[in-house]
Every structure is written in structure tokens, then in C-alpha cells.
>>> print(open('start10.pdb').read())   # PDB, C-alpha atoms and all ligand atoms
ATOM      1  CA  MET N   1      17.435  -0.920  -8.782
ATOM      2  CA  ARG N   2      14.054  -1.767  -7.242
ATOM      3  CA  LYS N   3      10.999  -1.672  -9.517
ATOM      4  CA  LYS N   4       8.668   1.290  -9.025
ATOM      5  CA  LEU N   5       5.369   0.239  -7.481
ATOM      6  CA  ILE N   6       2.211   2.256  -8.182
ATOM      7  CA  ILE N   7      -0.911   1.247  -6.266
ATOM      8  CA  GLY N   8      -4.401   2.668  -6.758
ATOM      9  CA  ASN N   9      -6.492   2.428  -3.600
ATOM     10  CA  TRP N  10     -10.090   2.716  -4.726
ATOM     11  CA  LYS N  11     -11.338   2.682  -1.127
ATOM     12  CA  MET N  12     -15.160   2.239  -0.922
ATOM     13  CA  ASN N  13     -15.756   3.311  -4.546
ATOM     14  CA  LEU N  14     -16.537   1.628  -7.896
ATOM     15  CA  ASN N  15     -19.226  -1.049  -7.797
ATOM     16  CA  MET N  16     -18.886  -4.339  -9.684
ATOM     17  CA  GLN N  17     -19.848  -2.894 -13.058
ATOM     18  CA  GLU N  18     -17.744   0.248 -12.690
ATOM     19  CA  ALA N  19     -14.739  -1.704 -11.435
ATOM     20  CA  SER N  20     -14.957  -4.203 -14.271
ATOM     21  CA  LEU N  21     -15.188  -1.435 -16.874
ATOM     22  CA  TYR N  22     -12.233   0.397 -15.323
ATOM     23  CA  LEU N  23     -10.128  -2.762 -15.329
ATOM     24  CA  HIS N  24     -11.092  -3.526 -18.921
ATOM     25  CA  LYS N  25      -9.856  -0.076 -19.981
ATOM     26  CA  LEU N  26      -6.724  -0.362 -17.859
ATOM     27  CA  MET N  27      -5.816  -3.662 -19.516
ATOM     28  CA  GLU N  28      -6.282  -1.979 -22.899
ATOM     29  CA  VAL N  29      -4.134   1.079 -22.258
ATOM     30  CA  LEU N  30      -1.326  -0.335 -20.092
ATOM     31  CA  LYS N  31       1.544  -2.345 -21.477
ATOM     32  CA  PRO N  32       3.575  -4.731 -19.344
ATOM     33  CA  ARG N  33       6.525  -2.658 -18.109
ATOM     34  CA  ARG N  34       9.665  -4.130 -16.677
ATOM     35  CA  ASP N  35      10.378  -1.099 -14.517
ATOM     36  CA  VAL N  36       6.903  -0.422 -13.053
ATOM     37  CA  GLU N  37       4.576  -2.720 -11.149
ATOM     38  CA  VAL N  38       0.924  -1.618 -11.148
ATOM     39  CA  VAL N  39      -1.601  -2.699  -8.511
ATOM     40  CA  VAL N  40      -5.226  -1.749  -7.896
ATOM     41  CA  ALA N  41      -7.081  -2.237  -4.632
ATOM     42  CA  PRO N  42     -10.833  -2.569  -5.270
ATOM     43  CA  THR N  43     -13.545  -3.375  -2.702
ATOM     44  CA  THR N  44     -13.522  -6.909  -1.320
ATOM     45  CA  LEU N  45     -16.770  -7.855  -3.062
ATOM     46  CA  THR N  46     -15.344  -7.194  -6.519
ATOM     47  CA  LEU N  47     -11.983  -8.892  -5.998
ATOM     48  CA  GLN N  48     -12.823 -12.395  -7.106
ATOM     49  CA  SER N  49     -14.470 -11.427 -10.336
ATOM     50  CA  LEU N  50     -11.695  -8.937 -11.159
ATOM     51  CA  SER N  51      -9.127 -11.655 -10.464
ATOM     52  CA  LEU N  52     -10.598 -13.636 -13.358
ATOM     53  CA  GLN N  53     -10.561 -10.582 -15.621
ATOM     54  CA  ILE N  54      -7.118  -9.163 -14.858
ATOM     55  CA  ASN N  55      -3.983  -9.883 -16.875
ATOM     56  CA  ARG N  56      -1.396 -10.247 -14.119
ATOM     57  CA  ARG N  57       1.449  -9.432 -16.497
ATOM     58  CA  ILE N  58      -0.037  -5.942 -16.718
ATOM     59  CA  ALA N  59      -1.401  -5.316 -13.212
ATOM     60  CA  LYS N  60      -2.051  -7.045  -9.907
ATOM     61  CA  LEU N  61      -4.737  -6.887  -7.253
ATOM     62  CA  ALA N  62      -4.617  -5.812  -3.628
ATOM     63  CA  ALA N  63      -7.285  -6.321  -0.989
ATOM     64  CA  GLN N  64      -7.927  -3.294   1.228
ATOM     65  CA  ASN N  65      -8.094  -5.289   4.444
ATOM     66  CA  CYS N  66      -8.299  -8.843   5.793
ATOM     67  CA  TYR N  67      -9.010 -10.620   9.028
ATOM     68  CA  TRP N  68      -6.187 -12.479  10.711
ATOM     69  CA  ARG N  69      -7.878 -15.705  11.747
ATOM     70  CA  ASP N  70      -8.261 -18.239   8.948
ATOM     71  CA  HIS N  71     -11.867 -19.288   9.775
ATOM     72  CA  GLY N  72     -14.431 -19.298  12.568
ATOM     73  CA  ALA N  73     -17.274 -17.327  14.129
ATOM     74  CA  TYR N  74     -16.283 -13.782  13.074
ATOM     75  CA  THR N  75     -19.394 -12.417  11.387
ATOM     76  CA  GLY N  76     -18.717 -10.061   8.511
ATOM     77  CA  GLU N  77     -14.976 -10.573   8.287
ATOM     78  CA  VAL N  78     -12.988 -11.817   5.279
ATOM     79  CA  PRO N  79      -9.880 -13.807   6.195
ATOM     80  CA  ALA N  80      -6.549 -13.564   4.445
ATOM     81  CA  ALA N  81      -6.986 -17.304   3.859
ATOM     82  CA  HIS N  82      -9.934 -16.605   1.507
ATOM     83  CA  LEU N  83      -7.999 -13.930  -0.388
ATOM     84  CA  ARG N  84      -5.163 -16.307  -1.137
ATOM     85  CA  GLY N  85      -4.848 -16.823  -4.884
ATOM     86  CA  ILE N  86      -7.310 -13.977  -5.572
ATOM     87  CA  ALA N  87      -5.305 -10.954  -4.441
ATOM     88  CA  ASP N  88      -1.526 -10.560  -4.613
ATOM     89  CA  TYR N  89      -1.222  -7.844  -1.975
ATOM     90  CA  VAL N  90      -3.260  -6.644   0.988
ATOM     91  CA  LEU N  91      -3.291  -3.193   2.591
ATOM     92  CA  ILE N  92      -2.880  -3.452   6.329
ATOM     93  CA  GLY N  93      -3.296  -0.751   8.944
ATOM     94  CA  HIS N  94      -4.495   1.937   6.541
ATOM     95  CA  SER N  95      -5.209   5.037   8.639
ATOM     96  CA  GLU N  96      -8.905   4.788   7.752
ATOM     97  CA  ARG N  97      -8.850   1.339   9.384
ATOM     98  CA  ARG N  98      -6.800   2.533  12.359
ATOM     99  CA  TYR N  99      -8.872   5.638  13.090
ATOM    100  CA  ILE N 100     -12.405   4.985  11.773
ATOM    101  CA  PHE N 101     -12.564   1.272  12.586
ATOM    102  CA  ILE N 102     -10.290   1.524  15.647
ATOM    103  CA  GLU N 103      -7.878  -1.198  14.592
ATOM    104  CA  SER N 104      -5.240  -1.752  17.234
ATOM    105  CA  ASP N 105      -1.511  -2.281  16.812
ATOM    106  CA  LYS N 106      -2.131  -5.903  17.819
ATOM    107  CA  ASP N 107      -4.780  -6.385  15.079
ATOM    108  CA  ILE N 108      -2.354  -4.936  12.556
ATOM    109  CA  ARG N 109       0.537  -7.122  13.683
ATOM    110  CA  LEU N 110      -1.647 -10.245  13.449
ATOM    111  CA  LYS N 111      -2.952  -9.229  10.026
ATOM    112  CA  VAL N 112       0.576  -8.756   8.654
ATOM    113  CA  GLN N 113       1.411 -12.243   9.870
ATOM    114  CA  ALA N 114      -1.833 -13.722   8.452
ATOM    115  CA  ALA N 115      -1.117 -12.148   5.074
ATOM    116  CA  ILE N 116       2.348 -13.674   4.883
ATOM    117  CA  ARG N 117       1.050 -17.048   6.103
ATOM    118  CA  ASN N 118      -1.477 -16.977   3.244
ATOM    119  CA  ARG N 119       0.965 -15.884   0.545
ATOM    120  CA  LEU N 120      -0.288 -12.305   0.242
ATOM    121  CA  GLN N 121       2.194  -9.437   0.313
ATOM    122  CA  PRO N 122       1.264  -7.051   3.131
ATOM    123  CA  ILE N 123       1.428  -3.317   2.490
ATOM    124  CA  LEU N 124       1.896  -2.006   6.008
ATOM    125  CA  CYS N 125       0.605   1.572   6.224
ATOM    126  CA  ILE N 126       2.151   3.873   8.799
ATOM    127  CA  GLY N 127       2.098   7.613   9.427
ATOM    128  CA  GLU N 128       1.747  10.329  12.010
ATOM    129  CA  THR N 129      -1.224  12.568  12.819
ATOM    130  CA  ALA N 130      -1.080  16.366  12.417
ATOM    131  CA  GLN N 131      -0.710  16.725  16.180
ATOM    132  CA  GLU N 132       2.149  14.217  16.394
ATOM    133  CA  ARG N 133       3.852  16.028  13.548
ATOM    134  CA  ALA N 134       3.455  19.408  15.257
ATOM    135  CA  LEU N 135       4.990  17.946  18.417
ATOM    136  CA  GLY N 136       7.991  16.645  16.456
ATOM    137  CA  GLU N 137       7.056  13.010  17.131
ATOM    138  CA  THR N 138       7.138  11.690  13.556
ATOM    139  CA  ARG N 139      10.290   9.598  14.015
ATOM    140  CA  ASP N 140       8.996   7.968  17.209
ATOM    141  CA  VAL N 141       5.552   7.275  15.740
ATOM    142  CA  LEU N 142       7.014   5.640  12.632
ATOM    143  CA  ALA N 143       9.452   3.587  14.724
ATOM    144  CA  ASP N 144       6.677   2.399  17.075
ATOM    145  CA  GLN N 145       4.340   1.465  14.227
ATOM    146  CA  LEU N 146       7.130  -0.411  12.438
ATOM    147  CA  THR N 147       8.302  -2.260  15.553
ATOM    148  CA  SER N 148       4.764  -3.287  16.364
ATOM    149  CA  GLY N 149       3.553  -4.051  12.825
ATOM    150  CA  LEU N 150       6.615  -6.151  12.001
ATOM    151  CA  ALA N 151       6.924  -7.883  15.367
ATOM    152  CA  ASN N 152       5.939 -11.306  14.006
ATOM    153  CA  VAL N 153       7.849 -10.988  10.719
ATOM    154  CA  THR N 154      11.128 -12.872  10.331
ATOM    155  CA  ALA N 155      14.103 -11.511   8.412
ATOM    156  CA  GLU N 156      13.366 -13.988   5.576
ATOM    157  CA  GLU N 157       9.747 -12.818   5.372
ATOM    158  CA  LEU N 158      10.586  -9.114   5.246
ATOM    159  CA  ASP N 159      11.147  -9.129   1.485
ATOM    160  CA  LYS N 160       7.388  -9.796   1.088
ATOM    161  CA  VAL N 161       6.489  -6.644   3.016
ATOM    162  CA  VAL N 162       5.910  -3.224   1.469
ATOM    163  CA  ILE N 163       5.804  -0.184   3.756
ATOM    164  CA  ALA N 164       3.570   2.753   2.864
ATOM    165  CA  TYR N 165       4.251   6.107   4.513
ATOM    166  CA  GLU N 166       0.893   7.846   4.649
ATOM    167  CA  PRO N 167       0.853  10.839   6.999
ATOM    168  CA  ILE N 168      -2.724  11.061   8.264
ATOM    169  CA  TRP N 169      -2.966  14.824   7.725
ATOM    170  CA  ALA N 170      -2.137  14.409   4.011
ATOM    171  CA  ILE N 171      -4.790  11.795   3.207
ATOM    172  CA  GLY N 172      -7.750  13.098   1.234
ATOM    173  CA  THR N 173      -6.998  16.676   2.290
ATOM    174  CA  GLY N 174      -5.149  18.074  -0.729
ATOM    175  CA  ASP N 175      -2.406  18.960   1.783
ATOM    176  CA  ASN N 176       0.268  16.676   0.331
ATOM    177  CA  ALA N 177       3.504  16.232   2.266
ATOM    178  CA  LYS N 178       6.530  18.126   0.951
ATOM    179  CA  PRO N 179       8.883  15.835  -1.000
ATOM    180  CA  VAL N 180      11.711  16.867   1.330
ATOM    181  CA  ASP N 181       9.686  15.639   4.322
ATOM    182  CA  VAL N 182       8.778  12.404   2.530
ATOM    183  CA  LYS N 183      12.470  11.882   1.854
ATOM    184  CA  LYS N 184      13.236  12.369   5.558
ATOM    185  CA  ALA N 185      10.457   9.964   6.563
ATOM    186  CA  THR N 186      11.747   7.392   4.059
ATOM    187  CA  GLN N 187      15.200   7.651   5.643
ATOM    188  CA  MET N 188      13.714   7.287   9.144
ATOM    189  CA  ILE N 189      11.869   4.162   8.017
ATOM    190  CA  ARG N 190      15.005   2.616   6.490
ATOM    191  CA  GLN N 191      17.019   3.455   9.594
ATOM    192  CA  HIS N 192      14.487   1.743  11.801
ATOM    193  CA  VAL N 193      14.248  -1.302   9.529
ATOM    194  CA  ALA N 194      18.065  -1.459   9.688
ATOM    195  CA  HIS N 195      17.853  -1.358  13.473
ATOM    196  CA  LEU N 196      15.340  -4.248  13.436
ATOM    197  CA  TYR N 197      16.708  -6.394  10.577
ATOM    198  CA  GLY N 198      20.096  -5.080   9.501
ATOM    199  CA  LYS N 199      21.417  -2.837   6.739
ATOM    200  CA  LYS N 200      20.829  -5.157   3.778
ATOM    201  CA  ALA N 201      17.151  -5.697   4.632
ATOM    202  CA  ALA N 202      16.732  -1.937   5.053
ATOM    203  CA  GLU N 203      18.198  -1.275   1.614
ATOM    204  CA  GLU N 204      15.893  -3.830   0.009
ATOM    205  CA  VAL N 205      12.525  -3.096   1.641
ATOM    206  CA  ARG N 206      10.117  -1.221  -0.628
ATOM    207  CA  ILE N 207       8.723   2.075   0.681
ATOM    208  CA  LEU N 208       5.826   4.037  -0.842
ATOM    209  CA  TYR N 209       4.333   7.463  -0.206
ATOM    210  CA  GLY N 210       0.584   8.142  -0.124
ATOM    211  CA  GLY N 211      -1.444  11.288   0.579
ATOM    212  CA  SER N 212      -3.101  13.674  -1.905
ATOM    213  CA  ILE N 213      -1.056  12.508  -4.883
ATOM    214  CA  THR N 214      -2.082  14.071  -8.182
ATOM    215  CA  VAL N 215      -0.838  13.995 -11.745
ATOM    216  CA  ASP N 216       0.859  17.318 -11.025
ATOM    217  CA  ASN N 217       2.831  16.321  -7.920
ATOM    218  CA  ALA N 218       3.524  12.605  -8.608
ATOM    219  CA  ALA N 219       6.828  13.214 -10.405
ATOM    220  CA  ASP N 220       8.220  15.139  -7.409
ATOM    221  CA  TYR N 221       7.846  12.019  -5.246
ATOM    222  CA  LEU N 222       8.995   9.616  -7.928
ATOM    223  CA  ALA N 223      12.261  11.576  -8.072
ATOM    224  CA  ILE N 224      13.026  10.929  -4.379
ATOM    225  CA  SER N 225      15.919   8.518  -4.086
ATOM    226  CA  GLY N 226      15.049   5.688  -1.732
ATOM    227  CA  LEU N 227      11.305   5.959  -2.387
ATOM    228  CA  ASP N 228       9.929   3.066  -4.431
ATOM    229  CA  GLY N 229       6.527   4.280  -5.505
ATOM    230  CA  LEU N 230       3.127   5.690  -4.663
ATOM    231  CA  LEU N 231      -0.123   4.700  -2.988
ATOM    232  CA  VAL N 232      -2.709   6.791  -4.802
ATOM    233  CA  GLY N 233      -6.226   7.384  -3.467
ATOM    234  CA  ALA N 234      -8.676   9.769  -5.143
ATOM    235  CA  ALA N 235      -6.573  10.293  -8.296
ATOM    236  CA  SER N 236      -6.608   6.551  -8.989
ATOM    237  CA  LEU N 237     -10.398   6.621  -9.474
ATOM    238  CA  ASP N 238      -9.866   8.516 -12.710
ATOM    239  CA  ILE N 239      -8.240   6.112 -15.137
ATOM    240  CA  HIS N 240      -6.654   8.931 -17.146
ATOM    241  CA  GLN N 241      -4.982  10.407 -14.083
ATOM    242  CA  PHE N 242      -3.912   6.991 -12.832
ATOM    243  CA  THR N 243      -2.350   5.968 -16.133
ATOM    244  CA  GLU N 244      -0.606   9.324 -16.375
ATOM    245  CA  ILE N 245       0.916   8.773 -12.932
ATOM    246  CA  ILE N 246       2.033   5.278 -14.020
ATOM    247  CA  GLU N 247       3.590   6.782 -17.132
ATOM    248  CA  LYS N 248       5.573   9.222 -14.970
ATOM    249  CA  ALA N 249       6.905   6.304 -12.932
ATOM    250  CA  HIS N 250       7.973   4.631 -16.138
ATOM    251  CA  LYS N 251       9.805   7.710 -17.306
ATOM    252  CA  GLY N 252      11.107   8.675 -13.886
TER
HETATM  253  P1  LIG P   1      -5.684  10.327  -1.314
HETATM  254  O1  LIG P   1      -4.728  10.163  -2.446
HETATM  255  O2  LIG P   1      -7.114  10.436  -1.750
HETATM  256  O3  LIG P   1      -5.240  11.412  -0.377
HETATM  257  O4  LIG P   1      -5.642   8.960  -0.453
HETATM  258  C1  LIG P   1      -4.419   8.440  -0.081
HETATM  259  C2  LIG P   1      -4.627   7.100   0.503
HETATM  260  O5  LIG P   1      -5.203   6.948   1.553
HETATM  261  C3  LIG P   1      -4.135   5.948  -0.263
HETATM  262  O6  LIG P   1      -4.216   4.772   0.489
END
>>> encode(input="start10.pdb", output="C-alpha cells")
Amino acid sequence: MRKKLIIGNWKMNLNMQEASLYLHKLMEVLKPRRDVEVVVAPTTLTLQSLSLQINRRIAKLAAQNCYWRDHGAYTGEVPAAHLRGIADYVLIGHSERRYIFIESDKDIRLKVQAAIRNRLQPILCIGETAQERALGETRDVLADQLTSGLANVTAEELDKVVIAYEPIWAIGTGDNAKPVDVKKATQMIRQHVAHLYGKKAAEEVRILYGGSITVDNAADYLAISGLDGLLVGAASLDIHQFTEIIEKAHKG
């Protein structure tokens, strides 16, 4: 039985003071749980200071992005090499990065590799647009994004990778995907991982769902067999909602 993984993606919210206060409260209310792993993804600027404050037995930290080269003349970028030892995970290829910041499949592939090289666990985000979904292309889109994102990952390295299914049309829209469709997408992802790495690797890889998760719908996803947890956006900014979702994962 894989541990449930609940990640709060704070996106570009919570400044240093707000983030520190949130984490302080989270450390107070959460207990270390053997069956649930909790991760928060704050802004890059706050990561280092939060890494000194966090109790890693209770929760871990994820960066929201990284650059794939380890150093050099790349103004404004933060390399995975500098996040090493500060964050435990790093989100890669989030749809807001793919579509707002025009990250390419090649960027994403190189970032996954840089994360692993620097001992960060990549959370590879994949998902189809509303148009692709309407055209019945979900399976192909997921397969292409997996093939490309994992192209530099060896079979031994795959156990470091988490895959997050985040359909673009469900992110920040309140239009959450139906659990039955998330279940289908989870199966498609495992089938494609099996095609790339074999059955055992496909059974072991952790898969999350993200997109308009709330306290009210979280349990429906946590009940899906084969789904390992949630990537929560807006609801994770409210500590009460986030801890309630974590509690459901514990019970679920
Ligand atoms: P929302 O939960 O706000 O839809 O965001 C989902 C997301 O993008 C998590 O990475």
C-alpha cells in the first residue's frame, strides 16, 4: 500500500510573513502520520527560511519550479542545484508554466532530469486542455507528455518521480474532473508507464490528481483505487481546509 501524498501548491501567494505563520500553525495542528505524506509548495523566495522552520517528520517542502542548468548566465532563474537540501520535491511542467510561461516539452524533460540529478523528487504535471478533451485526445496527450517528460529518466530513477494529473480545464475553474474520469486517466497513465518501464514500475509510481479540489470533493478522489493523493491549489491557502483534506486522506 503506497502512502497517500497531499501537496498544497500555494502558487504566487503568501509572502514571507504569511507563509511562516501558516507553517507555524501547520506544525502545531498536524501530527506525523505513517499513512499520509504532507507537502507544501511555497514561493521560491520563502523556501530557504521555511526549510529551517519546518519539522520534516510532519511535512516536507516542494519548489514550484527550477531551472535545469546548475549554474551560469541565466538571469532570474533558480537552479535545481540551489534547491538541493532546501526542498524535497519540485513541481515540473505545471500547466501555468507550460501555458503562461511557454515552457516546452524539452525544458520540462531537462528539468525532470536536473531535479533527479540534484536529489529533488520531481512532480511531473500532465493534463489535457478542454479542446483536446472534447476531441477525445486525452489518452494521446497524456502518453506524449509522459514519453517526453520521462525521456531522460532511467528505470531505477522512476521511483523518485511523482506524476500529477491536472487537466487544464479543471485548474482554478471550480469545474473539477469527475472521479470516474480521473480513475480512467490514472489507468491510462499506469498503462503508459508500463509500456515505457514495465508492469512493476507502473504499479509503484505515485499518481496524484489536481484541479478544483475542495474539502467537499476531496474524499471522492481519495477513494479512487490506484490514485495516490492530491495536488491542491486554492483550498490549500486556507489552513483549515487543507488540514481537513489531509484528515480525509488519513481516514480514507
Ligand atoms: P486549484 O485547486 O486552485 O484548481 O489548483 C490546482 C493546481 O493547479 C494545483 O497545482
>>> residues_near_ligand(input="start10.pdb", ligand="ligand LIG 1 (chain P)", cutoff="6 Å", atoms="all atoms listed in the file", output="PyMOL selection string")
chain N and resi 9+171-172+210-213+231-234
>>> atom_distance(input="start10.pdb", atom1="atom CA of N:Arg34", atom2="atom CA of N:Asp181")
28.8 Å
>>> residues_around(input="start10.pdb", residues="N:Ile7", least_positions_apart="5", cutoff="10 Å", atoms="only C-alpha atoms", output="VMD selection string")
chain N and resid 37 to 41 59 to 62 208 210 229 to 233 236 242 246
>>> residues_around(input="start10.pdb", residues="N:Leu26", least_positions_apart="4", cutoff="8 Å", atoms="all atoms listed in the file", output="NGL selection string")
:N and (22 or 30 or 239 or 243)
>>> closest_atom_pairs(input="start10.pdb", of="stretch 64-174 of chain N", to="stretch 195-205 of chain N", cutoff="12 Å", atoms="only C-alpha atoms", output="JSON lines")
{"residue": "N:Ile123", "atom": "CA", "partner": "N:Val205", "partner_atom": "CA", "distance": 11.1}
{"residue": "N:Leu124", "atom": "CA", "partner": "N:Val205", "partner_atom": "CA", "distance": 11.5}
{"residue": "N:Ala143", "atom": "CA", "partner": "N:His195", "partner_atom": "CA", "distance": 9.8}
{"residue": "N:Asp144", "atom": "CA", "partner": "N:Leu196", "partner_atom": "CA", "distance": 11.5}
{"residue": "N:Leu146", "atom": "CA", "partner": "N:Leu196", "partner_atom": "CA", "distance": 9.1}
{"residue": "N:Thr147", "atom": "CA", "partner": "N:Leu196", "partner_atom": "CA", "distance": 7.6}
{"residue": "N:Ser148", "atom": "CA", "partner": "N:Leu196", "partner_atom": "CA", "distance": 11.0}
{"residue": "N:Gly149", "atom": "CA", "partner": "N:Leu196", "partner_atom": "CA", "distance": 11.8}
{"residue": "N:Leu150", "atom": "CA", "partner": "N:Leu196", "partner_atom": "CA", "distance": 9.0}
{"residue": "N:Ala151", "atom": "CA", "partner": "N:Leu196", "partner_atom": "CA", "distance": 9.4}
{"residue": "N:Asn152", "atom": "CA", "partner": "N:Leu196", "partner_atom": "CA", "distance": 11.8}
{"residue": "N:Val153", "atom": "CA", "partner": "N:Tyr197", "partner_atom": "CA", "distance": 10.0}
{"residue": "N:Thr154", "atom": "CA", "partner": "N:Tyr197", "partner_atom": "CA", "distance": 8.6}
{"residue": "N:Ala155", "atom": "CA", "partner": "N:Tyr197", "partner_atom": "CA", "distance": 6.1}
{"residue": "N:Glu156", "atom": "CA", "partner": "N:Ala201", "partner_atom": "CA", "distance": 9.2}
{"residue": "N:Glu157", "atom": "CA", "partner": "N:Ala201", "partner_atom": "CA", "distance": 10.3}
{"residue": "N:Leu158", "atom": "CA", "partner": "N:Val205", "partner_atom": "CA", "distance": 7.3}
{"residue": "N:Asp159", "atom": "CA", "partner": "N:Val205", "partner_atom": "CA", "distance": 6.2}
{"residue": "N:Lys160", "atom": "CA", "partner": "N:Val205", "partner_atom": "CA", "distance": 8.5}
{"residue": "N:Val161", "atom": "CA", "partner": "N:Val205", "partner_atom": "CA", "distance": 7.1}
{"residue": "N:Val162", "atom": "CA", "partner": "N:Val205", "partner_atom": "CA", "distance": 6.6}
{"residue": "N:Ile163", "atom": "CA", "partner": "N:Val205", "partner_atom": "CA", "distance": 7.6}
{"residue": "N:Ala164", "atom": "CA", "partner": "N:Val205", "partner_atom": "CA", "distance": 10.8}
>>> closest_residue(input="start10.pdb", among="N:Asn176, N:Asn65, N:Leu50, N:Val215", to="N:Phe101", atoms="all atoms listed in the file")
N:Asn65
